[in-house]
Amino acid sequence: LFQDLLDVSKADDGRLSNYPEVVDVVEFVGSVVEDFKLKAEEKGLVLKYIPDPSGASMGQKTVAPMYFANVDNDHLREIVSNLIENAIKYTHEGEVTVDVVGDGEHVSVSVKDSGIGIPAEDIFHLFQKFYRIDNTDTREIGGTGLGLYLCRRLAEVMGGRIDVTSEFKKGSVFTLTIDKIERGEAAKLKDQQA
Ligand code: ATP
Ligand code: MG
C-alpha cells in the first residue's frame with residue numbers, strides 16, 4: 001500500500017520515471033505469469049499462459065511467437081502483475097488466461113478471467129483513483145482501488161493503453177496494448193542500450 005501511494009503521488013505530479021528497454025514480451029510476461037502460479041493454485045484456479053509452447057497438449061500454441069517492445073520493463077511487470085492479481089482476486093472458480101498477440105504495429109497482453117465480472121455502469125469508473133465497486137460480490141474482498149489507476153498511468157507513460165470488456169457475473173478481459181518494434185530494430189536498440 002505504501003509503495004502504491006508513493007507511485008500514485010508520483011503519477012499525480014508527472015514524476016513517474018520511464019526507462020525504455022528492449023523486451024521480448026512473450027518471454028517476459030511468461031515469467032510474470034510464473035510468479036502467480038502458486039497463488040492461483042491455492043485458490044483452486046487454473047492459470048494458463050497461451051503462448052507457452054510446453055502447454056501444446058493443453059490446446060495452447062505450439063510455437064511461442066516473438067514480439068519485441070521498447071518499454072520500461074518495471075512498468076510492464078507492474079501492470080501485468082496488477083491485472084493478474086485482480087483476475088485471481090475477483091474470480092471464485094474457473095480460470096485465468098493470459099495471452100500475448102501482435103499485429104503490424106502493436107503487441108497486446110490480455111488477462112481474461114471467469115470471475116465476478118463488472119456491471120456496465122462501473123466500467124467507466126474503474127481506472128479512477130480509489131474507485132472500488134461496491135456490491136454483494138465485492139464487499140468481502142479487500143483492496144484500496146489504486147491498482148488500476150496506477151496501471152493506467154504507467155501504461156500512459158509507456159505510450160500504451162488498457163482496455164476492458166466484461167460481462168457481469170461471467171468474467172472480464174483486461175488488455176494492455178503497447179507499440180511493437182521489429183526484430184532488426186530490437187537488435188539495434190539492444191546494442192545501444194548495452
Ligand atoms: P488494489 O489497490 O489493492 O489493487 P482493488 O483491487 O480494489 O485494490 P483496482 O485494482 O484498482 O483496486 O480495481 C478497482 C475495482 O475494479 C476493484 O475494486 C473491483 O471492484 C474491480 N475489478 C478490478 N479487476 C477486476 C476483475 N478482474 N474482475 C472483476 N472486478 C474487477
Ligand atoms: Mg487491484
# chains A, B, ... in the order shown; residues from 1 in each chain; ligands from 1
>>> select_by_dssp(residues="segment 30-167 of chain A", states="strand (DSSP E or B)", output="VMD selection string")
chain A and resid 46 to 49 68 to 72 95 to 102 106 to 113 161 to 167
>>> residues_around(residues="Leu146 of chain A", least_positions_apart="6", cutoff="9 Å", atoms="only C-alpha atoms", output="MDAnalysis selection string")
chainID A and resid 1 4:5 8 127:132
>>> residues_near_ligand(ligand="ligand 1", cutoff="6 Å", atoms="only C-alpha atoms and all ligand atoms", output="PDB file with N, CA, C and O atoms, in the first residue's frame")
ATOM      1  N   ASN A  86      -5.624  -8.950  -9.862  1.00  0.00           N
ATOM      2  CA  ASN A  86      -7.067  -8.677  -9.851  1.00  0.00           C
ATOM      3  C   ASN A  86      -7.848  -9.872 -10.379  1.00  0.00           C
ATOM      4  O   ASN A  86      -8.872 -10.261  -9.807  1.00  0.00           O
ATOM      5  N   ALA A  87      -7.384 -10.445 -11.490  1.00  0.00           N
ATOM      6  CA  ALA A  87      -8.105 -11.568 -12.098  1.00  0.00           C
ATOM      7  C   ALA A  87      -8.256 -12.707 -11.090  1.00  0.00           C
ATOM      8  O   ALA A  87      -9.328 -13.306 -10.967  1.00  0.00           O
ATOM      9  N   TYR A  90     -10.666 -11.527  -8.062  1.00  0.00           N
ATOM     10  CA  TYR A  90     -12.092 -11.380  -8.347  1.00  0.00           C
ATOM     11  C   TYR A  90     -12.677 -12.581  -9.084  1.00  0.00           C
ATOM     12  O   TYR A  90     -13.666 -12.450  -9.813  1.00  0.00           O
ATOM     13  N   GLY A 115     -14.418 -14.670 -13.650  1.00  0.00           N
ATOM     14  CA  GLY A 115     -14.790 -14.203 -12.320  1.00  0.00           C
ATOM     15  C   GLY A 115     -16.121 -13.499 -12.206  1.00  0.00           C
ATOM     16  O   GLY A 115     -17.046 -13.740 -12.989  1.00  0.00           O
ATOM     17  N   ILE A 116     -16.193 -12.586 -11.228  1.00  0.00           N
ATOM     18  CA  ILE A 116     -17.468 -11.961 -10.863  1.00  0.00           C
ATOM     19  C   ILE A 116     -17.946 -10.938 -11.891  1.00  0.00           C
ATOM     20  O   ILE A 116     -19.100 -10.543 -11.881  1.00  0.00           O
ATOM     21  N   GLY A 117     -17.052 -10.507 -12.773  1.00  0.00           N
ATOM     22  CA  GLY A 117     -17.459  -9.554 -13.803  1.00  0.00           C
ATOM     23  C   GLY A 117     -17.705  -8.155 -13.244  1.00  0.00           C
ATOM     24  O   GLY A 117     -17.645  -7.939 -12.036  1.00  0.00           O
ATOM     25  N   ILE A 118     -17.982  -7.243 -14.148  1.00  0.00           N
ATOM     26  CA  ILE A 118     -18.117  -5.834 -13.767  1.00  0.00           C
ATOM     27  C   ILE A 118     -19.400  -5.278 -14.372  1.00  0.00           C
ATOM     28  O   ILE A 118     -19.609  -5.355 -15.586  1.00  0.00           O
ATOM     29  N   LEU A 126     -13.604   2.473 -13.455  1.00  0.00           N
ATOM     30  CA  LEU A 126     -12.609   1.549 -12.902  1.00  0.00           C
ATOM     31  C   LEU A 126     -11.221   2.120 -12.715  1.00  0.00           C
ATOM     32  O   LEU A 126     -10.510   1.758 -11.785  1.00  0.00           O
ATOM     33  N   TYR A 131     -11.320   4.067  -6.729  1.00  0.00           N
ATOM     34  CA  TYR A 131     -12.629   3.544  -7.111  1.00  0.00           C
ATOM     35  C   TYR A 131     -12.699   2.042  -6.878  1.00  0.00           C
ATOM     36  O   TYR A 131     -11.887   1.279  -7.380  1.00  0.00           O
ATOM     37  N   ARG A 132     -13.686   1.623  -6.101  1.00  0.00           N
ATOM     38  CA  ARG A 132     -13.927   0.197  -5.893  1.00  0.00           C
ATOM     39  C   ARG A 132     -15.405  -0.058  -6.089  1.00  0.00           C
ATOM     40  O   ARG A 132     -16.244   0.713  -5.632  1.00  0.00           O
ATOM     41  N   ILE A 133     -15.716  -1.146  -6.773  1.00  0.00           N
ATOM     42  CA  ILE A 133     -17.121  -1.476  -6.976  1.00  0.00           C
ATOM     43  C   ILE A 133     -17.671  -2.007  -5.663  1.00  0.00           C
ATOM     44  O   ILE A 133     -17.035  -2.825  -5.004  1.00  0.00           O
ATOM     45  N   GLY A 143      -9.249  -4.213  -0.617  1.00  0.00           N
ATOM     46  CA  GLY A 143      -8.434  -3.518  -1.613  1.00  0.00           C
ATOM     47  C   GLY A 143      -8.529  -2.021  -1.415  1.00  0.00           C
ATOM     48  O   GLY A 143      -9.356  -1.551  -0.626  1.00  0.00           O
ATOM     49  N   THR A 144      -7.681  -1.288  -2.120  1.00  0.00           N
ATOM     50  CA  THR A 144      -7.690   0.171  -1.947  1.00  0.00           C
ATOM     51  C   THR A 144      -8.166   0.916  -3.188  1.00  0.00           C
ATOM     52  O   THR A 144      -8.386   2.113  -3.154  1.00  0.00           O
ATOM     53  N   GLY A 145      -8.275   0.212  -4.302  1.00  0.00           N
ATOM     54  CA  GLY A 145      -8.739   0.886  -5.507  1.00  0.00           C
ATOM     55  C   GLY A 145      -7.659   1.712  -6.184  1.00  0.00           C
ATOM     56  O   GLY A 145      -7.955   2.664  -6.918  1.00  0.00           O
ATOM     57  N   LEU A 146      -6.416   1.343  -5.945  1.00  0.00           N
ATOM     58  CA  LEU A 146      -5.314   2.091  -6.571  1.00  0.00           C
ATOM     59  C   LEU A 146      -4.698   1.343  -7.748  1.00  0.00           C
ATOM     60  O   LEU A 146      -4.093   1.940  -8.626  1.00  0.00           O
ATOM     61  N   GLY A 147      -4.850   0.015  -7.744  1.00  0.00           N
ATOM     62  CA  GLY A 147      -4.174  -0.813  -8.749  1.00  0.00           C
ATOM     63  C   GLY A 147      -4.425  -0.378 -10.184  1.00  0.00           C
ATOM     64  O   GLY A 147      -3.482  -0.130 -10.939  1.00  0.00           O
ATOM     65  N   LEU A 148      -5.671  -0.258 -10.551  1.00  0.00           N
ATOM     66  CA  LEU A 148      -5.975   0.064 -11.951  1.00  0.00           C
ATOM     67  C   LEU A 148      -5.644   1.513 -12.290  1.00  0.00           C
ATOM     68  O   LEU A 148      -5.268   1.826 -13.418  1.00  0.00           O
ATOM     69  N   TYR A 149      -5.784   2.394 -11.304  1.00  0.00           N
ATOM     70  CA  TYR A 149      -5.394   3.787 -11.528  1.00  0.00           C
ATOM     71  C   TYR A 149      -3.909   3.837 -11.887  1.00  0.00           C
ATOM     72  O   TYR A 149      -3.513   4.473 -12.869  1.00  0.00           O
ATOM     73  N   SER A 172     -14.157 -11.103 -17.028  1.00  0.00           N
ATOM     74  CA  SER A 172     -13.620  -9.865 -17.590  1.00  0.00           C
ATOM     75  C   SER A 172     -12.357 -10.129 -18.397  1.00  0.00           C
ATOM     76  O   SER A 172     -11.668 -11.120 -18.188  1.00  0.00           O
TER      77      SER A 172
END
>>> atom_distance(atom1="atom CA of Arg77 of chain A", atom2="atom CA of Ser31 of chain A")
9.4 Å
>>> residues_around(residues="Met66 of chain A", least_positions_apart="2", cutoff="7 Å", atoms="only C-alpha atoms", output="list in words")
Asp24, Val26, Ala64 and Phe68 of chain A
>>> select_by_dssp(residues="segment 10-186 of chain A", states="helix (DSSP H, G or I)", output="VMD selection string")
chain A and resid 10 to 12 25 to 42 53 to 58 73 to 89 120 to 123 147 to 157 183 to 186
>>> closest_residue(among="A:Ala194, A:Ala11, A:Val107, A:Leu83", to="Thr177 of chain A", atoms="only C-alpha atoms")
A:Val107
>>> atom_distance(atom1="atom CA of Glu140 of chain A", atom2="atom CA of Ile162 of chain A")
26.3 Å
>>> closest_residue(among="A:Ile181, A:Leu189, A:Ala120, A:Ile84", to="ligand 2", atoms="only C-alpha atoms and all ligand atoms")
A:Ile84
>>> closest_residue(among="A:Asp137, A:Asp13, A:Glu78, A:Asp122", to="ligand 2", atoms="only C-alpha atoms and all ligand atoms")
A:Glu78
>>> closest_residue(among="A:Ala186, A:Val164, A:Ile178, A:Ile88", to="ligand 2", atoms="only C-alpha atoms and all ligand atoms")
A:Ile88
>>> closest_residue(among="A:Pro119, A:Gly44, A:Gly184, A:Gly159", to="Pro20 of chain A", atoms="only C-alpha atoms")
A:Gly159
>>> closest_residue(among="A:Glu27, A:Asp99, A:Glu21, A:Asp134", to="Asn73 of chain A", atoms="only C-alpha atoms")
A:Glu21
>>> residues_around(residues="Val96 of chain A", least_positions_apart="6", cutoff="8 Å", atoms="only C-alpha atoms", output="VMD selection string")
chain A and resid 45 to 48 84 87 to 88 111 to 114
>>> write_last_selection(atoms="all heavy atoms", output="short mmCIF file (atom, residue, chain, number, x, y, z; two decimals), in the first residue's frame")
data_model
loop_
_atom_site.label_atom_id
_atom_site.label_comp_id
_atom_site.auth_asym_id
_atom_site.auth_seq_id
_atom_site.Cartn_x
_atom_site.Cartn_y
_atom_site.Cartn_z
N LEU A 45 -7.69 -22.18 -8.80
CA LEU A 45 -7.91 -21.67 -10.15
C LEU A 45 -6.83 -22.19 -11.09
O LEU A 45 -5.71 -22.46 -10.67
CB LEU A 45 -7.84 -20.14 -10.15
CG LEU A 45 -8.84 -19.41 -9.25
CD1 LEU A 45 -8.54 -17.92 -9.24
CD2 LEU A 45 -10.26 -19.66 -9.71
N VAL A 46 -7.19 -22.31 -12.37
CA VAL A 46 -6.20 -22.69 -13.37
C VAL A 46 -5.66 -21.41 -13.99
O VAL A 46 -6.43 -20.57 -14.47
CB VAL A 46 -6.85 -23.57 -14.46
CG1 VAL A 46 -5.82 -23.93 -15.53
CG2 VAL A 46 -7.45 -24.83 -13.84
N LEU A 47 -4.35 -21.25 -13.95
CA LEU A 47 -3.73 -20.08 -14.57
C LEU A 47 -3.01 -20.54 -15.83
O LEU A 47 -2.05 -21.30 -15.77
CB LEU A 47 -2.74 -19.44 -13.59
CG LEU A 47 -1.92 -18.26 -14.11
CD1 LEU A 47 -2.80 -17.14 -14.64
CD2 LEU A 47 -1.02 -17.71 -12.99
N LYS A 48 -3.52 -20.11 -16.98
CA LYS A 48 -2.99 -20.58 -18.27
C LYS A 48 -2.22 -19.47 -18.96
O LYS A 48 -2.66 -18.33 -18.97
CB LYS A 48 -4.14 -20.96 -19.20
CG LYS A 48 -4.63 -22.37 -19.05
CD LYS A 48 -5.52 -22.69 -20.25
CE LYS A 48 -6.41 -23.88 -19.93
NZ LYS A 48 -7.61 -23.90 -20.75
N ILE A 84 -3.14 -9.54 -13.33
CA ILE A 84 -3.28 -10.95 -12.96
C ILE A 84 -3.76 -11.05 -11.51
O ILE A 84 -4.61 -11.88 -11.18
CB ILE A 84 -1.96 -11.72 -13.14
CG1 ILE A 84 -1.53 -11.72 -14.62
CG2 ILE A 84 -2.08 -13.16 -12.64
CD1 ILE A 84 -0.19 -12.38 -14.89
N ALA A 87 -7.38 -10.44 -11.49
CA ALA A 87 -8.11 -11.57 -12.10
C ALA A 87 -8.26 -12.71 -11.09
O ALA A 87 -9.33 -13.31 -10.97
CB ALA A 87 -7.37 -12.05 -13.35
N ILE A 88 -7.19 -12.99 -10.34
CA ILE A 88 -7.23 -14.07 -9.34
C ILE A 88 -8.15 -13.66 -8.18
O ILE A 88 -8.98 -14.44 -7.71
CB ILE A 88 -5.82 -14.40 -8.83
CG1 ILE A 88 -4.98 -15.03 -9.97
CG2 ILE A 88 -5.87 -15.34 -7.62
CD1 ILE A 88 -3.52 -15.26 -9.62
N VAL A 111 -5.47 -10.37 -20.12
CA VAL A 111 -5.69 -11.17 -18.93
C VAL A 111 -7.20 -11.38 -18.80
O VAL A 111 -7.96 -10.44 -18.60
CB VAL A 111 -5.15 -10.47 -17.67
CG1 VAL A 111 -5.40 -11.33 -16.43
CG2 VAL A 111 -3.66 -10.15 -17.82
N LYS A 112 -7.60 -12.64 -18.98
CA LYS A 112 -9.02 -12.97 -19.04
C LYS A 112 -9.38 -13.81 -17.83
O LYS A 112 -8.62 -14.72 -17.46
CB LYS A 112 -9.26 -13.75 -20.32
CG LYS A 112 -10.66 -14.20 -20.56
CD LYS A 112 -10.77 -14.85 -21.94
CE LYS A 112 -12.20 -15.21 -22.18
NZ LYS A 112 -12.40 -16.57 -22.59
N ASP A 113 -10.50 -13.53 -17.20
CA ASP A 113 -10.90 -14.35 -16.06
C ASP A 113 -12.35 -14.79 -16.18
O ASP A 113 -13.12 -14.23 -16.94
CB ASP A 113 -10.64 -13.61 -14.74
CG ASP A 113 -11.54 -12.39 -14.56
OD1 ASP A 113 -12.77 -12.54 -14.56
OD2 ASP A 113 -10.99 -11.27 -14.42
N SER A 114 -12.68 -15.83 -15.39
CA SER A 114 -14.06 -16.32 -15.36
C SER A 114 -14.69 -15.90 -14.04
O SER A 114 -15.36 -16.68 -13.38
CB SER A 114 -14.07 -17.84 -15.51
OG SER A 114 -13.34 -18.45 -14.45
#
>>> residues_around(residues="Ser108 of chain A", least_positions_apart="3", cutoff="12 Å", atoms="only C-alpha atoms", output="ChimeraX atom specification")
/A:25-26,29,67-69,76,80,98-105,111,155,160-163,173-180
>>> decode(residues="segment 169-183 of chain A", atoms="C-alpha atoms", output="PDB file, in the first residue's frame")
ATOM      1  CA  LYS A 169     -21.199 -12.445 -13.230  1.00  0.00           C
ATOM      2  CA  LYS A 170     -19.353 -14.065 -16.146  1.00  0.00           C
ATOM      3  CA  GLY A 171     -15.875 -12.603 -16.309  1.00  0.00           C
ATOM      4  CA  SER A 172     -13.620  -9.865 -17.590  1.00  0.00           C
ATOM      5  CA  VAL A 173     -10.796  -9.242 -20.034  1.00  0.00           C
ATOM      6  CA  PHE A 174      -8.221  -6.529 -19.427  1.00  0.00           C
ATOM      7  CA  THR A 175      -5.871  -5.790 -22.331  1.00  0.00           C
ATOM      8  CA  LEU A 176      -2.670  -3.778 -22.309  1.00  0.00           C
ATOM      9  CA  THR A 177      -1.593  -2.583 -25.755  1.00  0.00           C
ATOM     10  CA  ILE A 178       1.857  -1.144 -26.447  1.00  0.00           C
ATOM     11  CA  ASP A 179       3.893  -0.381 -29.550  1.00  0.00           C
ATOM     12  CA  LYS A 180       5.698  -3.263 -31.164  1.00  0.00           C
ATOM     13  CA  ILE A 181       9.156  -2.999 -32.712  1.00  0.00           C
ATOM     14  CA  GLU A 182      10.602  -5.215 -35.424  1.00  0.00           C
ATOM     15  CA  ARG A 183      13.296  -7.760 -34.698  1.00  0.00           C
TER      16      ARG A 183
END
